[in-house]
Amino acid sequence: MEAAGEDIPGPPPTETQGENPTPNFVSAPSKKKKQPQIKKGVRVKTHRSLLYHVLETASQRECIPKDAPNTYCLYGTVTKGDSRNGWTVKWDILPENANEVKLSRTKLTVLHPNQDEPPLELRDQPTEDVRKK
């Protein structure tokens with residue numbers, strides 16, 4: 001029997017006992033760029049495929065380029081609306097007599113003031129072949 005006060009033998013202590021040998025480095029979470037608030041008068045964009053299917057008349061559909069890809073960007077200005085009923089947008093590409101179309105917020109992307117309006121997203125831009133023949 002062991003005398004009182006004596007330690008019970010166990011595994012020898014190691015240098016890193018109680019410490020994590022490899023510290024966990026946690027990177028800071030990436031911050032998402034906040035999209036501007038949608039309201040009357042702001043510029044918005046949507047893709048061709050999203051707008052084409054909500055157009056009401058054939059004359060509106062004829063204004064949309066048929067040979068353009070589905071991700072072709074179309075631009076307009078919000079004229080009225082709210083989050084409950086959708087947003088009415090005056091589209092640049094549609095004819096003057098029927099250029100206002102109502103869309104839900106999920107189909108619209110709000111542009112920052114003075115932001116460029118390219119017809120294709122950056123990822124869809126054709127890459128130039130730098131090799132010379």
# chains A, B, ... in the order shown; residues from 1 in each chain; ligands from 1
>>> residues_around(residues="range 64-80 of chain A", least_positions_apart="2", cutoff="7 Å", atoms="only C-alpha atoms", output="list in words")
Lys39, Lys40, Gly41, Val42, Arg43, Val44, Lys45, Thr46, His47, Arg48, Ser49, Arg61, Glu62, Trp87, Thr88, Val89, Lys90, Trp91, Asp92, Pro119 and Leu120 of chain A
>>> closest_residue(among="A:Ser30, A:Gln60, A:Gln37, A:Asn114", to="Asp82 in chain A", atoms="only C-alpha atoms")
A:Gln37
>>> select_by_dssp(residues="range 33-125 of chain A", states="alpha helix (DSSP H)", output="ChimeraX atom specification")
/A:48-52,58-63
>>> write_last_selection(atoms="C-alpha atoms", output="PDB file, in the first residue's frame")
ATOM      1  CA  ARG A  48     -31.855  38.398 -70.673  1.00  0.00           C
ATOM      2  CA  SER A  49     -33.269  35.041 -69.606  1.00  0.00           C
ATOM      3  CA  LEU A  50     -34.966  36.527 -66.534  1.00  0.00           C
ATOM      4  CA  LEU A  51     -36.615  39.418 -68.367  1.00  0.00           C
ATOM      5  CA  TYR A  52     -37.632  37.593 -71.542  1.00  0.00           C
ATOM      6  CA  ALA A  58     -44.511  39.932 -78.733  1.00  0.00           C
ATOM      7  CA  SER A  59     -43.333  43.456 -79.611  1.00  0.00           C
ATOM      8  CA  GLN A  60     -41.453  43.577 -76.303  1.00  0.00           C
ATOM      9  CA  ARG A  61     -39.849  40.178 -76.918  1.00  0.00           C
ATOM     10  CA  GLU A  62     -38.707  41.220 -80.402  1.00  0.00           C
ATOM     11  CA  CYS A  63     -36.571  43.987 -78.850  1.00  0.00           C
TER      12      CYS A  63
END
>>> atom_distance(atom1="CA of Ala98 in chain A", atom2="CA of Thr57 in chain A")
8.7 Å
>>> closest_residue(among="A:Val54, A:Ala28, A:Ile8, A:Ile38", to="Arg105 in chain A", atoms="only C-alpha atoms")
A:Ile38
>>> closest_residue(among="A:Val26, A:Lys31, A:Pro36, A:His53", to="Pro113 in chain A", atoms="only C-alpha atoms")
A:Pro36
>>> atom_distance(atom1="CA of Lys33 in chain A", atom2="CA of Gln115 in chain A")
14.2 Å
>>> atom_distance(atom1="CA of Lys34 in chain A", atom2="CA of Pro118 in chain A")
20.4 Å
>>> residues_around(residues="Asn85 in chain A", least_positions_apart="4", cutoff="10 Å", atoms="only C-alpha atoms", output="list in words")
Gly81, Lys102, Leu103, Ser104 and Arg105 of chain A
>>> select_by_dssp(residues="range 51-129 of chain A", states="strand (DSSP E)", output="PDB file with all heavy atoms, in the first residue's frame")
ATOM      1  N   CYS A  73     -26.726  41.276 -70.170  1.00  0.00           N
ATOM      2  CA  CYS A  73     -27.282  42.202 -69.189  1.00  0.00           C
ATOM      3  C   CYS A  73     -28.164  43.256 -69.859  1.00  0.00           C
ATOM      4  O   CYS A  73     -27.795  43.843 -70.871  1.00  0.00           O
ATOM      5  CB  CYS A  73     -26.165  42.903 -68.425  1.00  0.00           C
ATOM      6  SG  CYS A  73     -25.189  41.782 -67.432  1.00  0.00           S
ATOM      7  N   LEU A  74     -29.314  43.495 -69.260  1.00  0.00           N
ATOM      8  CA  LEU A  74     -30.241  44.525 -69.706  1.00  0.00           C
ATOM      9  C   LEU A  74     -30.417  45.509 -68.557  1.00  0.00           C
ATOM     10  O   LEU A  74     -30.520  45.116 -67.401  1.00  0.00           O
ATOM     11  CB  LEU A  74     -31.577  43.901 -70.107  1.00  0.00           C
ATOM     12  CG  LEU A  74     -31.478  42.846 -71.207  1.00  0.00           C
ATOM     13  CD1 LEU A  74     -32.805  42.117 -71.355  1.00  0.00           C
ATOM     14  CD2 LEU A  74     -31.080  43.482 -72.519  1.00  0.00           C
ATOM     15  N   TYR A  75     -30.470  46.805 -68.890  1.00  0.00           N
ATOM     16  CA  TYR A  75     -30.462  47.846 -67.867  1.00  0.00           C
ATOM     17  C   TYR A  75     -31.736  48.671 -67.905  1.00  0.00           C
ATOM     18  O   TYR A  75     -32.345  48.846 -68.959  1.00  0.00           O
ATOM     19  CB  TYR A  75     -29.250  48.753 -68.070  1.00  0.00           C
ATOM     20  CG  TYR A  75     -27.953  48.011 -67.892  1.00  0.00           C
ATOM     21  CD1 TYR A  75     -27.314  47.405 -68.964  1.00  0.00           C
ATOM     22  CD2 TYR A  75     -27.384  47.880 -66.634  1.00  0.00           C
ATOM     23  CE1 TYR A  75     -26.138  46.713 -68.801  1.00  0.00           C
ATOM     24  CE2 TYR A  75     -26.211  47.176 -66.459  1.00  0.00           C
ATOM     25  CZ  TYR A  75     -25.596  46.599 -67.545  1.00  0.00           C
ATOM     26  OH  TYR A  75     -24.437  45.898 -67.363  1.00  0.00           O
ATOM     27  N   GLY A  76     -32.099  49.194 -66.740  1.00  0.00           N
ATOM     28  CA  GLY A  76     -33.279  50.033 -66.648  1.00  0.00           C
ATOM     29  C   GLY A  76     -33.243  50.858 -65.382  1.00  0.00           C
ATOM     30  O   GLY A  76     -32.309  50.783 -64.579  1.00  0.00           O
ATOM     31  N   THR A  77     -34.306  51.660 -65.194  1.00  0.00           N
ATOM     32  CA  THR A  77     -34.431  52.538 -64.041  1.00  0.00           C
ATOM     33  C   THR A  77     -35.729  52.216 -63.315  1.00  0.00           C
ATOM     34  O   THR A  77     -36.785  52.096 -63.939  1.00  0.00           O
ATOM     35  CB  THR A  77     -34.445  54.016 -64.487  1.00  0.00           C
ATOM     36  OG1 THR A  77     -33.278  54.255 -65.274  1.00  0.00           O
ATOM     37  CG2 THR A  77     -34.456  54.952 -63.303  1.00  0.00           C
ATOM     38  N   VAL A  78     -35.661  52.097 -61.990  1.00  0.00           N
ATOM     39  CA  VAL A  78     -36.849  51.801 -61.189  1.00  0.00           C
ATOM     40  C   VAL A  78     -37.752  53.027 -61.200  1.00  0.00           C
ATOM     41  O   VAL A  78     -37.310  54.143 -60.923  1.00  0.00           O
ATOM     42  CB  VAL A  78     -36.456  51.431 -59.739  1.00  0.00           C
ATOM     43  CG1 VAL A  78     -37.688  51.233 -58.882  1.00  0.00           C
ATOM     44  CG2 VAL A  78     -35.588  50.192 -59.720  1.00  0.00           C
ATOM     45  N   THR A  79     -39.038  52.818 -61.529  1.00  0.00           N
ATOM     46  CA  THR A  79     -39.989  53.933 -61.542  1.00  0.00           C
ATOM     47  C   THR A  79     -40.919  53.906 -60.341  1.00  0.00           C
ATOM     48  O   THR A  79     -41.313  54.956 -59.844  1.00  0.00           O
ATOM     49  CB  THR A  79     -40.832  53.926 -62.831  1.00  0.00           C
ATOM     50  OG1 THR A  79     -41.494  52.676 -62.944  1.00  0.00           O
ATOM     51  CG2 THR A  79     -39.960  54.163 -64.043  1.00  0.00           C
ATOM     52  N   LYS A  80     -41.287  52.715 -59.880  1.00  0.00           N
ATOM     53  CA  LYS A  80     -42.135  52.603 -58.689  1.00  0.00           C
ATOM     54  C   LYS A  80     -42.095  51.170 -58.185  1.00  0.00           C
ATOM     55  O   LYS A  80     -41.558  50.280 -58.846  1.00  0.00           O
ATOM     56  CB  LYS A  80     -43.571  53.022 -59.000  1.00  0.00           C
ATOM     57  CG  LYS A  80     -44.235  52.220 -60.098  1.00  0.00           C
ATOM     58  CD  LYS A  80     -45.601  52.766 -60.417  1.00  0.00           C
ATOM     59  CE  LYS A  80     -46.149  52.073 -61.669  1.00  0.00           C
ATOM     60  NZ  LYS A  80     -47.424  52.627 -62.064  1.00  0.00           N
ATOM     61  N   GLY A  81     -42.682  50.977 -57.012  1.00  0.00           N
ATOM     62  CA  GLY A  81     -42.765  49.627 -56.474  1.00  0.00           C
ATOM     63  C   GLY A  81     -42.422  49.552 -55.004  1.00  0.00           C
ATOM     64  O   GLY A  81     -42.076  50.558 -54.375  1.00  0.00           O
ATOM     65  N   ASP A  82     -42.546  48.364 -54.460  1.00  0.00           N
ATOM     66  CA  ASP A  82     -42.163  48.091 -53.079  1.00  0.00           C
ATOM     67  C   ASP A  82     -41.836  46.613 -52.948  1.00  0.00           C
ATOM     68  O   ASP A  82     -41.989  45.843 -53.889  1.00  0.00           O
ATOM     69  CB  ASP A  82     -43.260  48.512 -52.096  1.00  0.00           C
ATOM     70  CG  ASP A  82     -44.597  47.821 -52.339  1.00  0.00           C
ATOM     71  OD1 ASP A  82     -44.599  46.662 -52.800  1.00  0.00           O
ATOM     72  OD2 ASP A  82     -45.633  48.427 -52.059  1.00  0.00           O
ATOM     73  N   GLY A  86     -43.464  44.033 -55.802  1.00  0.00           N
ATOM     74  CA  GLY A  86     -42.482  44.007 -56.875  1.00  0.00           C
ATOM     75  C   GLY A  86     -42.110  45.411 -57.309  1.00  0.00           C
ATOM     76  O   GLY A  86     -42.656  46.403 -56.837  1.00  0.00           O
ATOM     77  N   TRP A  87     -41.166  45.498 -58.223  1.00  0.00           N
ATOM     78  CA  TRP A  87     -40.623  46.780 -58.668  1.00  0.00           C
ATOM     79  C   TRP A  87     -40.897  46.975 -60.156  1.00  0.00           C
ATOM     80  O   TRP A  87     -40.630  46.093 -60.964  1.00  0.00           O
ATOM     81  CB  TRP A  87     -39.116  46.814 -58.398  1.00  0.00           C
ATOM     82  CG  TRP A  87     -38.829  46.681 -56.943  1.00  0.00           C
ATOM     83  CD1 TRP A  87     -38.591  45.532 -56.254  1.00  0.00           C
ATOM     84  CD2 TRP A  87     -38.804  47.729 -55.988  1.00  0.00           C
ATOM     85  NE1 TRP A  87     -38.412  45.803 -54.923  1.00  0.00           N
ATOM     86  CE2 TRP A  87     -38.531  47.156 -54.734  1.00  0.00           C
ATOM     87  CE3 TRP A  87     -38.979  49.100 -56.062  1.00  0.00           C
ATOM     88  CZ2 TRP A  87     -38.441  47.896 -53.576  1.00  0.00           C
ATOM     89  CZ3 TRP A  87     -38.872  49.847 -54.904  1.00  0.00           C
ATOM     90  CH2 TRP A  87     -38.612  49.251 -53.674  1.00  0.00           C
ATOM     91  N   THR A  88     -41.429  48.128 -60.501  1.00  0.00           N
ATOM     92  CA  THR A  88     -41.680  48.455 -61.898  1.00  0.00           C
ATOM     93  C   THR A  88     -40.456  49.174 -62.432  1.00  0.00           C
ATOM     94  O   THR A  88     -40.003  50.171 -61.860  1.00  0.00           O
ATOM     95  CB  THR A  88     -42.925  49.340 -62.041  1.00  0.00           C
ATOM     96  OG1 THR A  88     -44.031  48.646 -61.453  1.00  0.00           O
ATOM     97  CG2 THR A  88     -43.228  49.620 -63.494  1.00  0.00           C
ATOM     98  N   VAL A  89     -39.914  48.654 -63.532  1.00  0.00           N
ATOM     99  CA  VAL A  89     -38.670  49.170 -64.089  1.00  0.00           C
ATOM    100  C   VAL A  89     -38.907  49.610 -65.531  1.00  0.00           C
ATOM    101  O   VAL A  89     -39.564  48.908 -66.300  1.00  0.00           O
ATOM    102  CB  VAL A  89     -37.563  48.092 -64.038  1.00  0.00           C
ATOM    103  CG1 VAL A  89     -36.270  48.608 -64.648  1.00  0.00           C
ATOM    104  CG2 VAL A  89     -37.338  47.620 -62.615  1.00  0.00           C
ATOM    105  N   LYS A  90     -38.371  50.764 -65.869  1.00  0.00           N
ATOM    106  CA  LYS A  90     -38.417  51.268 -67.238  1.00  0.00           C
ATOM    107  C   LYS A  90     -37.128  50.800 -67.911  1.00  0.00           C
ATOM    108  O   LYS A  90     -36.044  51.289 -67.604  1.00  0.00           O
ATOM    109  CB  LYS A  90     -38.502  52.798 -67.225  1.00  0.00           C
ATOM    110  CG  LYS A  90     -38.677  53.422 -68.570  1.00  0.00           C
ATOM    111  CD  LYS A  90     -38.882  54.922 -68.429  1.00  0.00           C
ATOM    112  CE  LYS A  90     -39.114  55.545 -69.782  1.00  0.00           C
ATOM    113  NZ  LYS A  90     -39.350  56.998 -69.658  1.00  0.00           N
ATOM    114  N   TRP A  91     -37.243  49.832 -68.834  1.00  0.00           N
ATOM    115  CA  TRP A  91     -36.090  49.203 -69.461  1.00  0.00           C
ATOM    116  C   TRP A  91     -35.635  50.002 -70.664  1.00  0.00           C
ATOM    117  O   TRP A  91     -36.449  50.447 -71.480  1.00  0.00           O
ATOM    118  CB  TRP A  91     -36.406  47.761 -69.854  1.00  0.00           C
ATOM    119  CG  TRP A  91     -36.695  46.934 -68.648  1.00  0.00           C
ATOM    120  CD1 TRP A  91     -37.917  46.583 -68.159  1.00  0.00           C
ATOM    121  CD2 TRP A  91     -35.734  46.410 -67.732  1.00  0.00           C
ATOM    122  NE1 TRP A  91     -37.775  45.855 -67.003  1.00  0.00           N
ATOM    123  CE2 TRP A  91     -36.446  45.737 -66.721  1.00  0.00           C
ATOM    124  CE3 TRP A  91     -34.346  46.435 -67.673  1.00  0.00           C
ATOM    125  CZ2 TRP A  91     -35.811  45.094 -65.662  1.00  0.00           C
ATOM    126  CZ3 TRP A  91     -33.713  45.793 -66.624  1.00  0.00           C
ATOM    127  CH2 TRP A  91     -34.438  45.138 -65.624  1.00  0.00           C
ATOM    128  N   GLU A 100     -42.247  49.546 -69.445  1.00  0.00           N
ATOM    129  CA  GLU A 100     -42.287  49.327 -68.002  1.00  0.00           C
ATOM    130  C   GLU A 100     -42.754  47.910 -67.707  1.00  0.00           C
ATOM    131  O   GLU A 100     -43.815  47.491 -68.155  1.00  0.00           O
ATOM    132  CB  GLU A 100     -43.189  50.347 -67.321  1.00  0.00           C
ATOM    133  CG  GLU A 100     -42.590  51.736 -67.308  1.00  0.00           C
ATOM    134  CD  GLU A 100     -43.315  52.685 -66.394  1.00  0.00           C
ATOM    135  OE1 GLU A 100     -44.385  52.317 -65.862  1.00  0.00           O
ATOM    136  OE2 GLU A 100     -42.808  53.798 -66.212  1.00  0.00           O
ATOM    137  N   VAL A 101     -41.921  47.185 -66.961  1.00  0.00           N
ATOM    138  CA  VAL A 101     -42.213  45.791 -66.619  1.00  0.00           C
ATOM    139  C   VAL A 101     -41.966  45.624 -65.128  1.00  0.00           C
ATOM    140  O   VAL A 101     -40.987  46.139 -64.585  1.00  0.00           O
ATOM    141  CB  VAL A 101     -41.312  44.818 -67.419  1.00  0.00           C
ATOM    142  CG1 VAL A 101     -41.572  43.378 -67.023  1.00  0.00           C
ATOM    143  CG2 VAL A 101     -41.513  45.009 -68.904  1.00  0.00           C
ATOM    144  N   LYS A 102     -42.851  44.875 -64.474  1.00  0.00           N
ATOM    145  CA  LYS A 102     -42.725  44.635 -63.038  1.00  0.00           C
ATOM    146  C   LYS A 102     -41.956  43.341 -62.795  1.00  0.00           C
ATOM    147  O   LYS A 102     -42.250  42.309 -63.410  1.00  0.00           O
ATOM    148  CB  LYS A 102     -44.102  44.542 -62.401  1.00  0.00           C
ATOM    149  CG  LYS A 102     -44.058  44.450 -60.881  1.00  0.00           C
ATOM    150  CD  LYS A 102     -45.431  44.362 -60.295  1.00  0.00           C
ATOM    151  CE  LYS A 102     -45.985  45.745 -60.144  1.00  0.00           C
ATOM    152  NZ  LYS A 102     -47.201  45.780 -59.323  1.00  0.00           N
ATOM    153  N   LEU A 103     -40.950  43.399 -61.925  1.00  0.00           N
ATOM    154  CA  LEU A 103     -40.141  42.234 -61.557  1.00  0.00           C
ATOM    155  C   LEU A 103     -39.982  42.171 -60.050  1.00  0.00           C
ATOM    156  O   LEU A 103     -40.039  43.191 -59.363  1.00  0.00           O
ATOM    157  CB  LEU A 103     -38.747  42.322 -62.173  1.00  0.00           C
ATOM    158  CG  LEU A 103     -38.610  42.078 -63.663  1.00  0.00           C
ATOM    159  CD1 LEU A 103     -37.193  42.364 -64.105  1.00  0.00           C
ATOM    160  CD2 LEU A 103     -38.969  40.671 -64.013  1.00  0.00           C
ATOM    161  N   THR A 109     -30.539  43.397 -59.954  1.00  0.00           N
ATOM    162  CA  THR A 109     -29.288  43.754 -59.293  1.00  0.00           C
ATOM    163  C   THR A 109     -29.177  45.265 -59.344  1.00  0.00           C
ATOM    164  O   THR A 109     -29.234  45.861 -60.421  1.00  0.00           O
ATOM    165  CB  THR A 109     -28.080  43.127 -60.014  1.00  0.00           C
ATOM    166  OG1 THR A 109     -28.248  41.713 -60.040  1.00  0.00           O
ATOM    167  CG2 THR A 109     -26.789  43.477 -59.304  1.00  0.00           C
ATOM    168  N   VAL A 110     -29.032  45.890 -58.185  1.00  0.00           N
ATOM    169  CA  VAL A 110     -28.929  47.347 -58.121  1.00  0.00           C
ATOM    170  C   VAL A 110     -27.497  47.759 -58.419  1.00  0.00           C
ATOM    171  O   VAL A 110     -26.548  47.169 -57.908  1.00  0.00           O
ATOM    172  CB  VAL A 110     -29.365  47.858 -56.725  1.00  0.00           C
ATOM    173  CG1 VAL A 110     -29.254  49.361 -56.650  1.00  0.00           C
ATOM    174  CG2 VAL A 110     -30.775  47.411 -56.421  1.00  0.00           C
TER     175      VAL A 110
END
>>> decode(residues="range 78-91 of chain A", atoms="N, CA, C and O atoms", output="PDB file, in the first residue's frame")
ATOM      1  N   VAL A  78     -35.661  52.097 -61.990  1.00  0.00           N
ATOM      2  CA  VAL A  78     -36.849  51.801 -61.189  1.00  0.00           C
ATOM      3  C   VAL A  78     -37.752  53.027 -61.200  1.00  0.00           C
ATOM      4  O   VAL A  78     -37.310  54.143 -60.923  1.00  0.00           O
ATOM      5  N   THR A  79     -39.038  52.818 -61.529  1.00  0.00           N
ATOM      6  CA  THR A  79     -39.989  53.933 -61.542  1.00  0.00           C
ATOM      7  C   THR A  79     -40.919  53.906 -60.341  1.00  0.00           C
ATOM      8  O   THR A  79     -41.313  54.956 -59.844  1.00  0.00           O
ATOM      9  N   LYS A  80     -41.287  52.715 -59.880  1.00  0.00           N
ATOM     10  CA  LYS A  80     -42.135  52.603 -58.689  1.00  0.00           C
ATOM     11  C   LYS A  80     -42.095  51.170 -58.185  1.00  0.00           C
ATOM     12  O   LYS A  80     -41.558  50.280 -58.846  1.00  0.00           O
ATOM     13  N   GLY A  81     -42.682  50.977 -57.012  1.00  0.00           N
ATOM     14  CA  GLY A  81     -42.765  49.627 -56.474  1.00  0.00           C
ATOM     15  C   GLY A  81     -42.422  49.552 -55.004  1.00  0.00           C
ATOM     16  O   GLY A  81     -42.076  50.558 -54.375  1.00  0.00           O
ATOM     17  N   ASP A  82     -42.546  48.364 -54.460  1.00  0.00           N
ATOM     18  CA  ASP A  82     -42.163  48.091 -53.079  1.00  0.00           C
ATOM     19  C   ASP A  82     -41.836  46.613 -52.948  1.00  0.00           C
ATOM     20  O   ASP A  82     -41.989  45.843 -53.889  1.00  0.00           O
ATOM     21  N   SER A  83     -41.388  46.224 -51.782  1.00  0.00           N
ATOM     22  CA  SER A  83     -40.929  44.854 -51.587  1.00  0.00           C
ATOM     23  C   SER A  83     -42.085  43.853 -51.615  1.00  0.00           C
ATOM     24  O   SER A  83     -41.874  42.681 -51.898  1.00  0.00           O
ATOM     25  N   ARG A  84     -43.292  44.278 -51.337  1.00  0.00           N
ATOM     26  CA  ARG A  84     -44.427  43.366 -51.334  1.00  0.00           C
ATOM     27  C   ARG A  84     -44.939  43.056 -52.735  1.00  0.00           C
ATOM     28  O   ARG A  84     -45.225  41.917 -53.053  1.00  0.00           O
ATOM     29  N   ASN A  85     -45.057  44.089 -53.556  1.00  0.00           N
ATOM     30  CA  ASN A  85     -45.704  43.935 -54.859  1.00  0.00           C
ATOM     31  C   ASN A  85     -44.736  43.857 -56.023  1.00  0.00           C
ATOM     32  O   ASN A  85     -45.163  43.667 -57.154  1.00  0.00           O
ATOM     33  N   GLY A  86     -43.464  44.033 -55.802  1.00  0.00           N
ATOM     34  CA  GLY A  86     -42.482  44.007 -56.875  1.00  0.00           C
ATOM     35  C   GLY A  86     -42.110  45.411 -57.309  1.00  0.00           C
ATOM     36  O   GLY A  86     -42.656  46.403 -56.837  1.00  0.00           O
ATOM     37  N   TRP A  87     -41.166  45.498 -58.223  1.00  0.00           N
ATOM     38  CA  TRP A  87     -40.623  46.780 -58.668  1.00  0.00           C
ATOM     39  C   TRP A  87     -40.897  46.975 -60.156  1.00  0.00           C
ATOM     40  O   TRP A  87     -40.630  46.093 -60.964  1.00  0.00           O
ATOM     41  N   THR A  88     -41.429  48.128 -60.501  1.00  0.00           N
ATOM     42  CA  THR A  88     -41.680  48.455 -61.898  1.00  0.00           C
ATOM     43  C   THR A  88     -40.456  49.174 -62.432  1.00  0.00           C
ATOM     44  O   THR A  88     -40.003  50.171 -61.860  1.00  0.00           O
ATOM     45  N   VAL A  89     -39.914  48.654 -63.532  1.00  0.00           N
ATOM     46  CA  VAL A  89     -38.670  49.170 -64.089  1.00  0.00           C
ATOM     47  C   VAL A  89     -38.907  49.610 -65.531  1.00  0.00           C
ATOM     48  O   VAL A  89     -39.564  48.908 -66.300  1.00  0.00           O
ATOM     49  N   LYS A  90     -38.371  50.764 -65.869  1.00  0.00           N
ATOM     50  CA  LYS A  90     -38.417  51.268 -67.238  1.00  0.00           C
ATOM     51  C   LYS A  90     -37.128  50.800 -67.911  1.00  0.00           C
ATOM     52  O   LYS A  90     -36.044  51.289 -67.604  1.00  0.00           O
ATOM     53  N   TRP A  91     -37.243  49.832 -68.834  1.00  0.00           N
ATOM     54  CA  TRP A  91     -36.090  49.203 -69.461  1.00  0.00           C
ATOM     55  C   TRP A  91     -35.635  50.002 -70.664  1.00  0.00           C
ATOM     56  O   TRP A  91     -36.449  50.447 -71.480  1.00  0.00           O
TER      57      TRP A  91
END
